[in-house]
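Undergrad: Once you've had a glance at the structure underneath, I'll fire off some questions.
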Amino acid sequence: MKQSILFFLLSFSMTAIFAQAKKTPPAKPAPAVSASMLKTRQDSLSYAIGLLDGNFFKMQGITSVNAQMLGKGFDDQLKGKTALTPEQADQIVRGEMQKMTKAKIQPNIDAGNRYCMENAKKPGVKTTASGLQYEVIKMGDGPKPKDTSVVRVHYDGYTLDGKKFDSSRDRGEPTEFPLNGVIKGWTEGVQLMPVGSRFKFTIPANLAYGDQGAGEAIKGGSTLIFDVELLSIVNKTQQ
């Protein structure tokens with residue numbers, strides 16, 4: 001998410017407000033401001049700052065605050081006399097963000113856990129100590145890569161609902177990458193494969209893209225499925 005430097009500077013200065021906002025009941029909403037109410041440059045600047053910061057935190061999932069404490073926190077920051085240090089304020093805001101993110105993605109995590117539990121019962125599926133699951137489609141007879149190797153592969157990637165979000169096969173060209181530069185599930189899983197093998201991997205969120213996800217296709221907390229064919233080891237000792 002790209003924002004202007006000014007946008008982030010303004011947002012940082014406001015983090016102190018949220019500690020008190022949790023303790024104080026919300027104030028009654030004020031009437032909406034119209035353009036005719038912005039009579040001075042200071043009025044316009046103040047309102048613009050509120051819009052920018054409000055938009056930022058709205059996108060993070062915050063839908064209501066105590067407007068009185070919001071203004072108090074901002075004013076205290078400008079005067080240099082605050083009830084919280086910047087570090088304390090940052091910790092509070094980050095903590096709230098993490099709680100909201102966790103609540104939002106929990107259904108994805110739960111769905112992944114259920115899928116992995118059932119998948120583990122299927123014949124041929126093996127589960128490693130980390131929770132990675134794999135199934136051998138074809139076992140090759142070549143060497144196995146190390147985590148420092150650069151490998152050449154073909155793959156298809158799917159979400160649990162069967163939607164394909166990426167595929168080197170569809171692009172018609174294999175992909176090369178260092179094994180220590182990809183998600184943990186790939187780093188661990190591909191090292192289990194002799195060259196010439198084709199495996200199916202089920203990768204829990206903590207070994208994939210975690211709570212953050214990756215773009216629109218991969219939501220936070222998603223368990224992913226990959227069909228991977230190891231074609232060759234390009235560089236066996238990549239450092």
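Order determines the names: the first chain of the structure tokens is A, the second B, and so forth; residues in each chain are numbered 1 upward, and ligands are numbered 1 upward as they are shown.
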Enumerate as JSON, numbers by chain all residues of chain A assigned to strand (DSSP E or B) by DSSP on the backbone, naming them with the chain letters and numbers the document uses.

TA: {"A": [125, 126, 127, 133, 134, 135, 136, 137, 138, 150, 151, 152, 153, 154, 155, 156, 157, 158, 159, 164, 165, 166, 167, 175, 176, 177, 178, 198, 199, 200, 201, 202, 203, 214, 218, 224, 225, 226, 227, 228, 229, 230, 231, 232, 233, 234, 235]}

Undergrad: Write the residues of the selection above to a file with N, CA and C atoms, as a short mmCIF file (atom, residue, chain, number, x, y, z; two decimals), in the first residue's frame.

TA:
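So the final result, stored in part-v2.cif, reads:
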```
data_model
loop_
_atom_site.label_atom_id
_atom_site.label_comp_id
_atom_site.auth_asym_id
_atom_site.auth_seq_id
_atom_site.Cartn_x
_atom_site.Cartn_y
_atom_site.Cartn_z
N VAL A 125 0.14 -39.60 1.74
CA VAL A 125 0.45 -38.25 2.22
C VAL A 125 1.33 -38.34 3.47
N LYS A 126 2.44 -37.65 3.44
CA LYS A 126 3.36 -37.62 4.58
C LYS A 126 3.42 -36.21 5.14
N THR A 127 3.57 -36.12 6.47
CA THR A 127 3.63 -34.83 7.14
C THR A 127 4.96 -34.71 7.87
N GLN A 133 3.04 -30.93 4.29
CA GLN A 133 2.54 -32.22 3.81
C GLN A 133 2.94 -32.40 2.35
N TYR A 134 3.33 -33.63 2.00
CA TYR A 134 3.71 -33.88 0.62
C TYR A 134 3.27 -35.27 0.17
N GLU A 135 3.05 -35.37 -1.12
CA GLU A 135 2.64 -36.63 -1.74
C GLU A 135 3.46 -36.81 -3.00
N VAL A 136 4.05 -37.97 -3.17
CA VAL A 136 4.90 -38.24 -4.33
C VAL A 136 4.02 -38.63 -5.52
N ILE A 137 4.07 -37.80 -6.56
CA ILE A 137 3.38 -38.13 -7.81
C ILE A 137 4.29 -38.96 -8.70
N LYS A 138 5.57 -38.55 -8.72
CA LYS A 138 6.59 -39.27 -9.47
C LYS A 138 7.91 -39.10 -8.74
N VAL A 150 20.23 -23.31 -6.50
CA VAL A 150 19.30 -22.68 -7.44
C VAL A 150 18.67 -23.81 -8.25
N VAL A 151 17.35 -23.85 -8.27
CA VAL A 151 16.65 -24.95 -8.94
C VAL A 151 15.80 -24.44 -10.09
N ARG A 152 15.50 -25.37 -10.98
CA ARG A 152 14.64 -25.09 -12.13
C ARG A 152 13.43 -26.00 -12.00
N VAL A 153 12.22 -25.41 -11.97
CA VAL A 153 11.00 -26.18 -11.70
C VAL A 153 9.86 -25.77 -12.62
N HIS A 154 8.89 -26.67 -12.72
CA HIS A 154 7.57 -26.35 -13.23
C HIS A 154 6.61 -26.51 -12.04
N TYR A 155 5.59 -25.66 -11.98
CA TYR A 155 4.67 -25.76 -10.84
C TYR A 155 3.32 -25.15 -11.17
N ASP A 156 2.32 -25.59 -10.41
CA ASP A 156 1.00 -24.96 -10.37
C ASP A 156 0.69 -24.68 -8.90
N GLY A 157 0.10 -23.52 -8.61
CA GLY A 157 -0.27 -23.17 -7.25
C GLY A 157 -1.77 -22.98 -7.12
N TYR A 158 -2.37 -23.55 -6.06
CA TYR A 158 -3.81 -23.50 -5.87
C TYR A 158 -4.16 -23.06 -4.44
N THR A 159 -5.27 -22.39 -4.30
CA THR A 159 -5.86 -22.15 -2.99
C THR A 159 -6.74 -23.36 -2.64
N LYS A 164 -6.57 -21.74 -9.22
CA LYS A 164 -5.16 -21.66 -9.57
C LYS A 164 -4.73 -20.19 -9.57
N PHE A 165 -3.73 -19.85 -8.75
CA PHE A 165 -3.29 -18.47 -8.67
C PHE A 165 -1.97 -18.22 -9.38
N ASP A 166 -1.26 -19.30 -9.74
CA ASP A 166 0.01 -19.12 -10.44
C ASP A 166 0.37 -20.44 -11.10
N SER A 167 1.08 -20.36 -12.24
CA SER A 167 1.47 -21.58 -12.93
C SER A 167 2.56 -21.29 -13.95
N THR A 175 10.57 -22.08 -14.12
CA THR A 175 11.05 -21.00 -13.27
C THR A 175 12.31 -21.43 -12.54
N GLU A 176 13.25 -20.50 -12.40
CA GLU A 176 14.47 -20.74 -11.63
C GLU A 176 14.51 -19.81 -10.43
N PHE A 177 14.95 -20.34 -9.28
CA PHE A 177 15.06 -19.51 -8.08
C PHE A 177 15.96 -20.19 -7.06
N PRO A 178 16.58 -19.41 -6.18
CA PRO A 178 17.35 -20.00 -5.07
C PRO A 178 16.40 -20.51 -4.00
N ARG A 198 8.18 -35.31 -9.12
CA ARG A 198 7.02 -34.43 -9.10
C ARG A 198 6.25 -34.71 -7.82
N PHE A 199 6.11 -33.68 -6.98
CA PHE A 199 5.45 -33.81 -5.69
C PHE A 199 4.26 -32.86 -5.62
N LYS A 200 3.31 -33.24 -4.78
CA LYS A 200 2.21 -32.34 -4.42
C LYS A 200 2.44 -31.91 -2.97
N PHE A 201 2.52 -30.59 -2.76
CA PHE A 201 2.73 -30.05 -1.43
C PHE A 201 1.48 -29.34 -0.91
N THR A 202 1.16 -29.60 0.34
CA THR A 202 0.15 -28.81 1.04
C THR A 202 0.90 -28.01 2.10
N ILE A 203 0.87 -26.69 1.96
CA ILE A 203 1.71 -25.82 2.77
C ILE A 203 0.85 -24.94 3.68
N ALA A 214 -0.57 -12.70 0.14
CA ALA A 214 0.20 -12.18 -1.00
C ALA A 214 -0.77 -11.74 -2.08
N ILE A 218 -4.09 -14.54 -2.69
CA ILE A 218 -3.72 -15.32 -1.52
C ILE A 218 -4.03 -14.51 -0.27
N LEU A 224 -1.89 -23.37 1.23
CA LEU A 224 -1.76 -23.44 -0.23
C LEU A 224 -1.36 -24.83 -0.69
N ILE A 225 -1.70 -25.15 -1.93
CA ILE A 225 -1.36 -26.43 -2.54
C ILE A 225 -0.53 -26.18 -3.79
N PHE A 226 0.58 -26.91 -3.92
CA PHE A 226 1.45 -26.76 -5.07
C PHE A 226 1.74 -28.13 -5.70
N ASP A 227 1.69 -28.15 -7.01
CA ASP A 227 2.11 -29.30 -7.79
C ASP A 227 3.46 -28.91 -8.41
N VAL A 228 4.55 -29.53 -7.91
CA VAL A 228 5.91 -29.10 -8.26
C VAL A 228 6.68 -30.23 -8.93
N GLU A 229 7.34 -29.90 -10.03
CA GLU A 229 8.22 -30.84 -10.72
C GLU A 229 9.64 -30.25 -10.72
N LEU A 230 10.59 -30.96 -10.14
CA LEU A 230 11.97 -30.50 -10.09
C LEU A 230 12.69 -30.95 -11.36
N LEU A 231 13.00 -30.01 -12.23
CA LEU A 231 13.61 -30.33 -13.52
C LEU A 231 15.12 -30.46 -13.44
N SER A 232 15.74 -29.56 -12.67
CA SER A 232 17.19 -29.60 -12.58
C SER A 232 17.68 -28.72 -11.44
N ILE A 233 18.94 -28.96 -11.04
CA ILE A 233 19.63 -28.08 -10.10
C ILE A 233 20.59 -27.24 -10.94
N VAL A 234 20.32 -25.94 -11.01
CA VAL A 234 21.11 -25.06 -11.86
C VAL A 234 22.47 -24.79 -11.25
N ASN A 235 22.49 -24.56 -9.94
CA ASN A 235 23.73 -24.27 -9.23
C ASN A 235 23.67 -24.97 -7.89
#
```

Undergrad: Quick one: distance from atom CA of Thr101 of chain A to atom CA of Gly185 of chain A in Å, one decimal?

TA: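 Atom-to-atom, atom CA of Thr101 of chain A and atom CA of Gly185 of chain A are spaced 22.4 Å apart.
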
Undergrad: Quick one: everything within 9 Å of Asp141 of chain A, counting only C-alpha atoms, minus sequence neighbours fewer than 2 positions away in the same chain. Send it as a PyMOL selection string.

TA: chain A and resi 139+143+194-197

Undergrad: Could you save those same residues with N, CA and C atoms as a PDB file, in the first residue's frame?

TA:
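So the final result, stored in part-v2.pdb, reads:
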```
ATOM      1  N   MET A 139       8.609 -40.190  -8.483  1.00  0.00           N
ATOM      2  CA  MET A 139       9.898 -40.116  -7.801  1.00  0.00           C
ATOM      3  C   MET A 139      11.030 -40.187  -8.824  1.00  0.00           C
ATOM      4  N   PRO A 143      19.971 -36.138  -8.138  1.00  0.00           N
ATOM      5  CA  PRO A 143      20.416 -35.631  -6.841  1.00  0.00           C
ATOM      6  C   PRO A 143      19.359 -34.726  -6.210  1.00  0.00           C
ATOM      7  N   PRO A 194      14.365 -35.640  -5.330  1.00  0.00           N
ATOM      8  CA  PRO A 194      15.444 -35.883  -6.290  1.00  0.00           C
ATOM      9  C   PRO A 194      15.068 -35.251  -7.642  1.00  0.00           C
ATOM     10  N   VAL A 195      16.034 -34.794  -8.384  1.00  0.00           N
ATOM     11  CA  VAL A 195      15.761 -34.231  -9.706  1.00  0.00           C
ATOM     12  C   VAL A 195      14.979 -35.249 -10.535  1.00  0.00           C
ATOM     13  N   GLY A 196      13.953 -34.790 -11.224  1.00  0.00           N
ATOM     14  CA  GLY A 196      13.083 -35.654 -12.008  1.00  0.00           C
ATOM     15  C   GLY A 196      11.801 -36.006 -11.279  1.00  0.00           C
ATOM     16  N   SER A 197      11.680 -35.563 -10.017  1.00  0.00           N
ATOM     17  CA  SER A 197      10.495 -35.871  -9.216  1.00  0.00           C
ATOM     18  C   SER A 197       9.382 -34.860  -9.444  1.00  0.00           C
TER      19      SER A 197
END
```

Undergrad: Name the residues in contact with Gly54 of chain A at a cut-off of 10 Å, using only C-alpha atoms, excluding same-chain residues fewer than 4 positions from it; report them as a list in words.

TA: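 These residues fall inside the cut-off: Ser11, Ala48, Ile49, Gly50, Lys58, Met59, Gln60, Ile62, Thr63, Ser64 and Val65 of chain A.
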
Undergrad: Run DSSP on the backbone and give me the residues of segment 61-163 of chain A it puts in alpha helix (DSSP H), as a short mmCIF file (atom, residue, chain, number, x, y, z; two decimals) with C-alpha atoms, in the first residue's frame.

TA:
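Just written: result09.cif:
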```
data_model
loop_
_atom_site.label_atom_id
_atom_site.label_comp_id
_atom_site.auth_asym_id
_atom_site.auth_seq_id
_atom_site.Cartn_x
_atom_site.Cartn_y
_atom_site.Cartn_z
CA ALA A 67 -13.03 12.19 18.51
CA GLN A 68 -12.36 14.21 21.66
CA MET A 69 -9.36 12.05 22.63
CA LEU A 70 -8.24 11.97 19.01
CA GLY A 71 -7.95 15.74 19.00
CA LYS A 72 -6.39 15.75 22.47
CA GLY A 73 -3.70 13.31 21.44
CA PHE A 74 -2.86 15.31 18.35
CA ASP A 75 -2.74 18.59 20.27
CA ASP A 76 -0.59 17.10 23.04
CA GLN A 77 1.85 15.79 20.43
CA LEU A 78 2.20 19.24 18.87
CA LYS A 79 2.82 20.78 22.31
CA PRO A 86 5.97 7.28 20.86
CA GLU A 87 7.10 3.71 21.57
CA GLN A 88 4.14 3.05 23.87
CA ALA A 89 1.70 4.54 21.39
CA ASP A 90 3.17 2.52 18.56
CA GLN A 91 2.90 -0.67 20.63
CA ILE A 92 -0.78 -0.01 21.36
CA VAL A 93 -1.67 0.68 17.74
CA ARG A 94 0.31 -2.28 16.44
CA GLY A 95 -1.32 -4.53 19.02
CA GLU A 96 -4.81 -3.45 17.95
CA MET A 97 -3.92 -3.91 14.29
CA GLN A 98 -2.65 -7.41 14.96
CA LYS A 99 -5.82 -8.34 16.84
CA MET A 100 -8.00 -7.09 13.99
CA THR A 101 -5.88 -8.87 11.40
CA LYS A 102 -5.97 -12.13 13.36
CA ALA A 103 -9.74 -11.97 13.75
CA LYS A 104 -10.16 -11.29 10.03
CA ILE A 105 -7.99 -14.18 8.87
CA GLN A 106 -8.96 -16.73 11.54
CA PRO A 107 -11.55 -18.41 9.26
CA ASN A 108 -8.76 -19.00 6.70
CA ILE A 109 -6.50 -20.48 9.38
CA ASP A 110 -9.29 -22.73 10.66
CA ALA A 111 -10.10 -23.92 7.14
CA GLY A 112 -6.44 -24.74 6.55
CA ASN A 113 -6.17 -26.67 9.80
CA ARG A 114 -9.25 -28.74 8.95
CA TYR A 115 -7.96 -29.44 5.46
CA CYS A 116 -4.55 -30.55 6.71
CA MET A 117 -6.10 -32.85 9.32
CA GLU A 118 -8.17 -34.63 6.68
CA ASN A 119 -5.39 -34.60 4.10
#
```

Undergrad: State, in Å with one decimal place, the distance from atom CA of Gly215 of chain A to atom CA of Gly61 of chain A.

TA: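 Atom CA of Gly215 of chain A sits 17.4 Å away from atom CA of Gly61 of chain A.
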
Undergrad: Out of A:Gln191, A:Ser36, A:Ser168, A:Thr128, which residue has the shortest atom-to-atom distance to Lys144 of chain A when counting only C-alpha atoms?

TA: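 For Lys144 of chain A, the nearest of the candidates is A:Gln191.
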